[in-house]
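K.L.:
Can you keep this structure in mind? I'll have questions shortly.
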Amino acid sequence: MSFQGYSGLINTPTATLFDEGKFYFQYGNQVETRDGYRNGDNYNFGVGLWEYVEVSGRLAEYQDTDGGNGLTDLSANIKIGIPFIPKDWFSLAVGMQDVGGAANFFDAKYAVASKNLFEDINISLGMGQSDSNQGRLDGVFAGIAWQPYQWVKLSAEYDAADTQLGLHLSSPKSWLSSGIQLTTDILISSTNEELKDDFYYGLGLTIPLDVNDTNNSSLYRENNISMDDIKPTDANRSGVVERLQVQELLAKEGFESIKIGEADQNTVYLELENHVYNRNQIDGLGVVLGILSKHIQQNYSHFKLVLKEREVPILVVKGNLAEYDGFLRDNQPLKLDISTDTFASQRRDTTADLQDSNSIWFKPRLTFWPGLVTRVGTEFGVFDASVALISHLEVPLWPGAAVTAQHTKQIAETKDFEDGEYFADDKQTTGLKEYSFHQTFSLPYSVKNMSSVGRYRETWDYYSNEVRWQSYGGSHKVNLFAARYENQETPEREYYDGCNILFPACWKEPEATERDVVIAKYLYYNAHFDASAEVQVGQYWQQDKGVVVKLERMFGDVTLNLTYKDTKVDNEEANQFVGLGFSIPLTPRKDYNNKYFQVRGKPKWRYSVNTLVGKDHNRLTPGSGDTTQRFYNLDSAFYNNNRLSSAYIYDNADRLKEAYYHAR
Amino acid sequence: MKTIVRTALAASIALALTACHNDSKTTTPDPDPIPVVPTELDISGGAVKGVLALATVNVYAASDTEKTTVLATAQTDASGDYTVKVVDDTGAAITGAFIVEVVADTDTTMICDATLCGEITFGNPIATDTLLGLTLSTVAYSDGSAIDADVNSLTTMATDSILASASIAGSPLDLATITAEDFLAIQEDASEIVGAVLGVDLSETNLFSLNIVDASNTSEVSTEDETLATLTLINASLSSLEVADGSSLADEINEYLAAVEEVTVAILADPEADLGSGDTAAALATINETQAQIADEIDAIAAEIVADTGIAIPVAEVPTELDEDALGDIVGDIIDGTGGTGGTGGEG
């Protein structure tokens, strides 16, 4: 990673992009201002989204010459590699620096070609157009890097204005677990007067995003022979005995509401709920299928598995037991019939003596996660935050029904979020924020419906209904959400800080006491790119109407997303935002679960930053495109956070194996 | 939901009452009711145009912007000071914002605090007939404790601004429920508006808390605080307004105060309003005409005081015309947030 945030040498890019699926972070002390380079705090972060796409960002704080806090600047870069060029010819990439935003002083566009020579030398030549006052990337630029060992690289570059010499060190991949690497970048010399005056350096981290990377799954078989792989010795076990053994294993594993029987003479029927592998249902599925195929080997040739949530079927998987065993043992291709069209999929006459092991009813499930409200790159500082602990309680009542409640415990905040300070109104406060009753049921054609009623955001009574349809393979999904919110308290009128409140114009519009939220969502999931695109249209919480587009790239259980919002409140100007975010699992692959209650973390914890675009200012304008989505919703509670489909499971087939052998 | 909750609550109360009724066949007579002690609130202060002696003092709730219900009444003494007691027979705490209005009646006298009040010279009493109907006011907030509330022409202008703002249709300013914190804010904001009308920077001043004295009491005029001294002289200078035939000093002062209120109302409704045209043109002309007299008179009064005390008075230069742009700029910043980027995590 260069000091500018994009992949490259010191201040110039090369045609080599960040590795796909890796996150790069660098803290450096070289910042570029309109007046030149200077010592400051520079935070660069980047990621290889795909083999030919990288995005990166920079958060810089320009220290005042007197040492005080200065301005901050948040900017984004994108670089795209050109595919279809043979690797032994050369690489070609085009990129943009400081994309979007209101105050762009470092806009740059460039094209650069790179070629490897003698295995350890890489040369680059590029052409750019730049707004940099230093002339960086404004013309022809070039660089050369010599990497005699994996951990050390020397580079020299001409950035179209100045010449730099740099040293780059990185820890070997084998030093740290999970493929994490430490990096150091040092500017040895420069012809730029300001860069001569100080010692400039960067310290960084490179982190693979998919910590459950299953690319080496072929090794599982060799390295992970478990007791399950050993064939049972008692040759003539009856079907009942086999089913009982499976049921015991599954119950011991922590699965709930287990029912096992016969679908027909050749087919064993199993239905259960997975509340132990909450990070990703595919782990639970892998474990169940593995246990089935290893322990039902004499009386049945096929299986039918129904995964349920609150006794509502969510996934039906059918297949041949021997074929699945071949998939596990011998890397045979996965052959399963997977469907989310689960209406009437449950058997009502399963063998009675094997029913309902590990009941789910009235078992409280507690989920905890950190709530974070932040302000990034404001004139008050690089980063301000209000931190809270959010607790969510869920108690299943009867099929499809549950009550939920959510509590927020304020924990800490930075000074600007404290009472009386600028962001005080947005800080998180302690209290019971939500409680609801939900009823979910299945309909034909892979449609599910959830109706809810309760309290939202402390003072709002609400009722809502959500309908969700998913295509057979799961590549297409449509949600329709409608809700009515009624405030039980009359909110105080608020006024703008620094405004003379005798002027009616200084008072914000009164908050509506009734709000209707109506949103239609369409999501397309592409297994090849391991990514999804979602379009939302409708009327949101602030009663703003418009469209929200979201692109999400998955790296295992980690996702990166890019959001564009364009919404408008009646009689006000429209606001457009771009946002960059990520989600990570904040719970183990296998959660704590006992007979009476469960404690777990959030399987998909999201964080994103958004900035206003298309305006001559970038004032904080929070709240646009707020869908009022609650933690307990159809996507999260019944569809594995949009990861429950044939397409997704086939694309992550290796994880079925990995989960069976490793996740338990 | 609310209905369900209420219904459930009503049902449970009814059941509880029924249960009580069945459980007990005898009733216990209520103990003797505790006698209610009326609560009182003392409001005191001074009425200074020049010193207004024997004027009527009326107190209203601040939310009573039309001043229809007098809560308490009293009279100023010979020094212009007053104390008025508001009583609540229910015993409830007397809190909130109040209007104190001082009206010159048939026996009111005033000391001339300008160099010449018609034919009356500096420091001498003005005849009652020229004062009849002169009305000055102020607003004050009590948390239940006694309060001071001085009344002068400047507090009158500021009070009129506050009441005008609260009277605008759909105004978010609710003087019946206003908090002490917001009340202080509107006092400061009203002061800023008055300052913009007069051409004196009052952006950091709450003129309701200033000790405006009778300028004819020359030794009392501040010799250190320029803002206080200037406002004291402006207050005094209104006594020198030229009185048209058939009019009185009270009429002239009331007309000026009404003109200020009219212009203020227009600018509150539209900070970019063109005051020189339409309905406000006459009011603006009255203000500018008076402003020119004020600008001259404060220098004259300052000279009179210096001649009397031998000590220089720090007086700011007061413009001869109202600056419309400056008045409109008082609205301040209508900005929702600050530069930067918002982030959220852990939602939904």
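If you're wondering about the labels, chains in the structure tokens are A, B, ... by order shown, residues count from 1 in each chain, ligands from 1 in order shown.
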Show me, as a PyMOL selection string, the residues that have an atom within 7 Å of His302 of chain A when counting only C-alpha atoms, minus same-chain residues fewer than 2 positions from it.
P.N.:
chain A and resi 266-268+300+319-321
K.L.:
Up to 7 Å from chain B, what residues of chain A turn up? Count only C-alpha atoms and give them as an NGL selection string.
P.N.:
:A and (369-379 or 461 or 493 or 496 or 498-504 or 506 or 605-611 or 618-622 or 629-631)
K.L.:
At what distance in Å, to one decimal, does atom CA of Asn633 of chain A lie from atom CA of Tyr456 of chain A?
P.N.:
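It comes out at 13.7 Å.
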K.L.:
What is the distance, in Å and to one decimal place, between atom CA of Ala113 of chain A and atom CA of Asp138 of chain A?
P.N.:
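Computing the Euclidean distance for atom CA of Ala113 of chain A and atom CA of Asp138 of chain A yields 16.1 Å.
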K.L.:
Within segment 387-434 of chain A, find each residue whose DSSP state, derived from the backbone, is strand (DSSP E), and express the selection as JSON, numbers by chain.
P.N.:
{"A": [387, 388, 389, 390, 391, 392, 393, 394, 395, 396, 401, 402, 403, 404, 405, 406, 407, 408, 409, 410, 411, 412, 413, 431, 432, 433, 434]}
K.L.:
Filtering to N, CA, C and O atoms, could you give me those residues as a tab-separated table (two decimals), in the first residue's frame?
P.N.:
```
chain	number	residue	atom	x	y	z
A	387	VAL	N	-20.84	4.76	22.27
A	387	VAL	CA	-20.81	3.29	22.31
A	387	VAL	C	-21.84	2.78	23.31
A	387	VAL	O	-21.98	3.34	24.41
A	388	ALA	N	-22.55	1.75	22.93
A	388	ALA	CA	-23.55	1.17	23.82
A	388	ALA	C	-23.54	-0.35	23.68
A	388	ALA	O	-23.04	-0.89	22.69
A	389	LEU	N	-24.08	-1.01	24.70
A	389	LEU	CA	-24.27	-2.45	24.61
A	389	LEU	C	-25.75	-2.69	24.32
A	389	LEU	O	-26.62	-2.23	25.07
A	390	ILE	N	-26.02	-3.40	23.26
A	390	ILE	CA	-27.40	-3.67	22.89
A	390	ILE	C	-27.71	-5.13	23.21
A	390	ILE	O	-26.95	-6.03	22.85
A	391	SER	N	-28.81	-5.33	23.90
A	391	SER	CA	-29.23	-6.68	24.29
A	391	SER	C	-30.57	-6.96	23.63
A	391	SER	O	-31.48	-6.13	23.69
A	392	HIS	N	-30.68	-8.12	23.06
A	392	HIS	CA	-31.92	-8.50	22.37
A	392	HIS	C	-32.41	-9.82	22.94
A	392	HIS	O	-31.65	-10.79	23.03
A	393	LEU	N	-33.66	-9.84	23.34
A	393	LEU	CA	-34.25	-11.06	23.90
A	393	LEU	C	-35.32	-11.57	22.94
A	393	LEU	O	-36.13	-10.79	22.43
A	394	GLU	N	-35.29	-12.88	22.73
A	394	GLU	CA	-36.30	-13.49	21.87
A	394	GLU	C	-36.84	-14.73	22.58
A	394	GLU	O	-36.08	-15.55	23.08
A	395	VAL	N	-38.15	-14.81	22.64
A	395	VAL	CA	-38.78	-16.00	23.26
A	395	VAL	C	-39.80	-16.57	22.27
A	395	VAL	O	-40.81	-15.92	21.98
A	396	PRO	N	-39.54	-17.78	21.75
A	396	PRO	CA	-40.50	-18.41	20.85
A	396	PRO	C	-41.74	-18.86	21.63
A	396	PRO	O	-41.61	-19.39	22.74
A	401	ALA	N	-44.41	-17.86	16.04
A	401	ALA	CA	-44.66	-16.71	16.93
A	401	ALA	C	-43.51	-16.52	17.91
A	401	ALA	O	-42.95	-17.48	18.42
A	402	ALA	N	-43.20	-15.26	18.15
A	402	ALA	CA	-42.14	-14.95	19.12
A	402	ALA	C	-42.38	-13.55	19.66
A	402	ALA	O	-42.98	-12.70	18.99
A	403	VAL	N	-41.92	-13.35	20.89
A	403	VAL	CA	-41.87	-11.99	21.42
A	403	VAL	C	-40.40	-11.61	21.52
A	403	VAL	O	-39.55	-12.46	21.82
A	404	THR	N	-40.13	-10.36	21.24
A	404	THR	CA	-38.76	-9.87	21.30
A	404	THR	C	-38.71	-8.56	22.06
A	404	THR	O	-39.72	-7.84	22.14
A	405	ALA	N	-37.56	-8.26	22.60
A	405	ALA	CA	-37.35	-6.97	23.26
A	405	ALA	C	-35.90	-6.57	23.06
A	405	ALA	O	-35.01	-7.43	22.97
A	406	GLN	N	-35.66	-5.29	23.00
A	406	GLN	CA	-34.30	-4.80	22.78
A	406	GLN	C	-34.00	-3.65	23.74
A	406	GLN	O	-34.76	-2.70	23.84
A	407	HIS	N	-32.86	-3.79	24.40
A	407	HIS	CA	-32.45	-2.80	25.40
A	407	HIS	C	-31.09	-2.23	25.01
A	407	HIS	O	-30.23	-2.94	24.51
A	408	THR	N	-30.92	-0.94	25.27
A	408	THR	CA	-29.64	-0.29	25.00
A	408	THR	C	-29.05	0.19	26.31
A	408	THR	O	-29.74	0.84	27.10
A	409	LYS	N	-27.79	-0.14	26.54
A	409	LYS	CA	-27.08	0.36	27.72
A	409	LYS	C	-25.93	1.23	27.25
A	409	LYS	O	-24.98	0.76	26.64
A	410	GLN	N	-26.08	2.52	27.51
A	410	GLN	CA	-25.03	3.45	27.10
A	410	GLN	C	-23.77	3.14	27.89
A	410	GLN	O	-23.81	2.93	29.10
A	411	ILE	N	-22.64	3.09	27.21
A	411	ILE	CA	-21.40	2.71	27.88
A	411	ILE	C	-20.40	3.87	27.91
A	411	ILE	O	-19.90	4.24	28.96
A	412	ALA	N	-20.12	4.43	26.77
A	412	ALA	CA	-19.08	5.46	26.72
A	412	ALA	C	-19.30	6.33	25.50
A	412	ALA	O	-19.99	5.93	24.55
A	413	GLU	N	-18.72	7.52	25.56
A	413	GLU	CA	-18.76	8.38	24.38
A	413	GLU	C	-17.56	9.30	24.40
A	413	GLU	O	-16.99	9.55	25.47
A	431	GLY	N	-31.95	2.45	27.93
A	431	GLY	CA	-33.39	2.25	28.05
A	431	GLY	C	-33.90	1.10	27.21
A	431	GLY	O	-33.17	0.56	26.36
A	432	LEU	N	-35.13	0.72	27.47
A	432	LEU	CA	-35.79	-0.31	26.67
A	432	LEU	C	-36.27	0.35	25.38
A	432	LEU	O	-37.13	1.23	25.41
A	433	LYS	N	-35.73	-0.05	24.28
A	433	LYS	CA	-36.00	0.64	23.02
A	433	LYS	C	-37.13	-0.01	22.22
A	433	LYS	O	-37.85	0.67	21.51
A	434	GLU	N	-37.22	-1.31	22.30
A	434	GLU	CA	-38.22	-2.00	21.47
A	434	GLU	C	-38.79	-3.20	22.21
A	434	GLU	O	-38.09	-3.85	22.99
```
K.L.:
Hey, can you check how far atom CA of Val53 of chain A sits from atom CA of Ala15 of chain A?
P.N.:
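Those two atoms sit 11.1 Å apart.
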K.L.:
Neighbours of Ala273 of chain B within 9 Å (only C-alpha atoms; same-chain residues fewer than 5 positions away dropped), as an NGL selection string?
P.N.:
:B and (266-267 or 324 or 328)
K.L.:
Could the residues in this selection be saved with N, CA, C and O atoms as a PDB file, in the first residue's frame?
P.N.:
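Saved the output as out.pdb:
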```
ATOM      1  N   ALA B 266     -42.361  41.732  11.275  1.00  0.00           N
ATOM      2  CA  ALA B 266     -42.106  41.485   9.854  1.00  0.00           C
ATOM      3  C   ALA B 266     -40.805  40.732   9.641  1.00  0.00           C
ATOM      4  O   ALA B 266     -40.732  39.805   8.824  1.00  0.00           O
ATOM      5  N   ILE B 267     -39.796  41.100  10.407  1.00  0.00           N
ATOM      6  CA  ILE B 267     -38.487  40.465  10.195  1.00  0.00           C
ATOM      7  C   ILE B 267     -38.476  39.048  10.776  1.00  0.00           C
ATOM      8  O   ILE B 267     -37.780  38.165  10.272  1.00  0.00           O
ATOM      9  N   GLU B 324     -31.277  47.461   7.939  1.00  0.00           N
ATOM     10  CA  GLU B 324     -32.183  46.332   7.659  1.00  0.00           C
ATOM     11  C   GLU B 324     -31.434  45.015   7.510  1.00  0.00           C
ATOM     12  O   GLU B 324     -31.888  43.964   7.995  1.00  0.00           O
ATOM     13  N   GLY B 328     -31.906  41.548   9.671  1.00  0.00           N
ATOM     14  CA  GLY B 328     -32.225  40.243   9.078  1.00  0.00           C
ATOM     15  C   GLY B 328     -31.190  39.191   9.418  1.00  0.00           C
ATOM     16  O   GLY B 328     -31.504  38.010   9.589  1.00  0.00           O
TER      17      GLY B 328
END
```
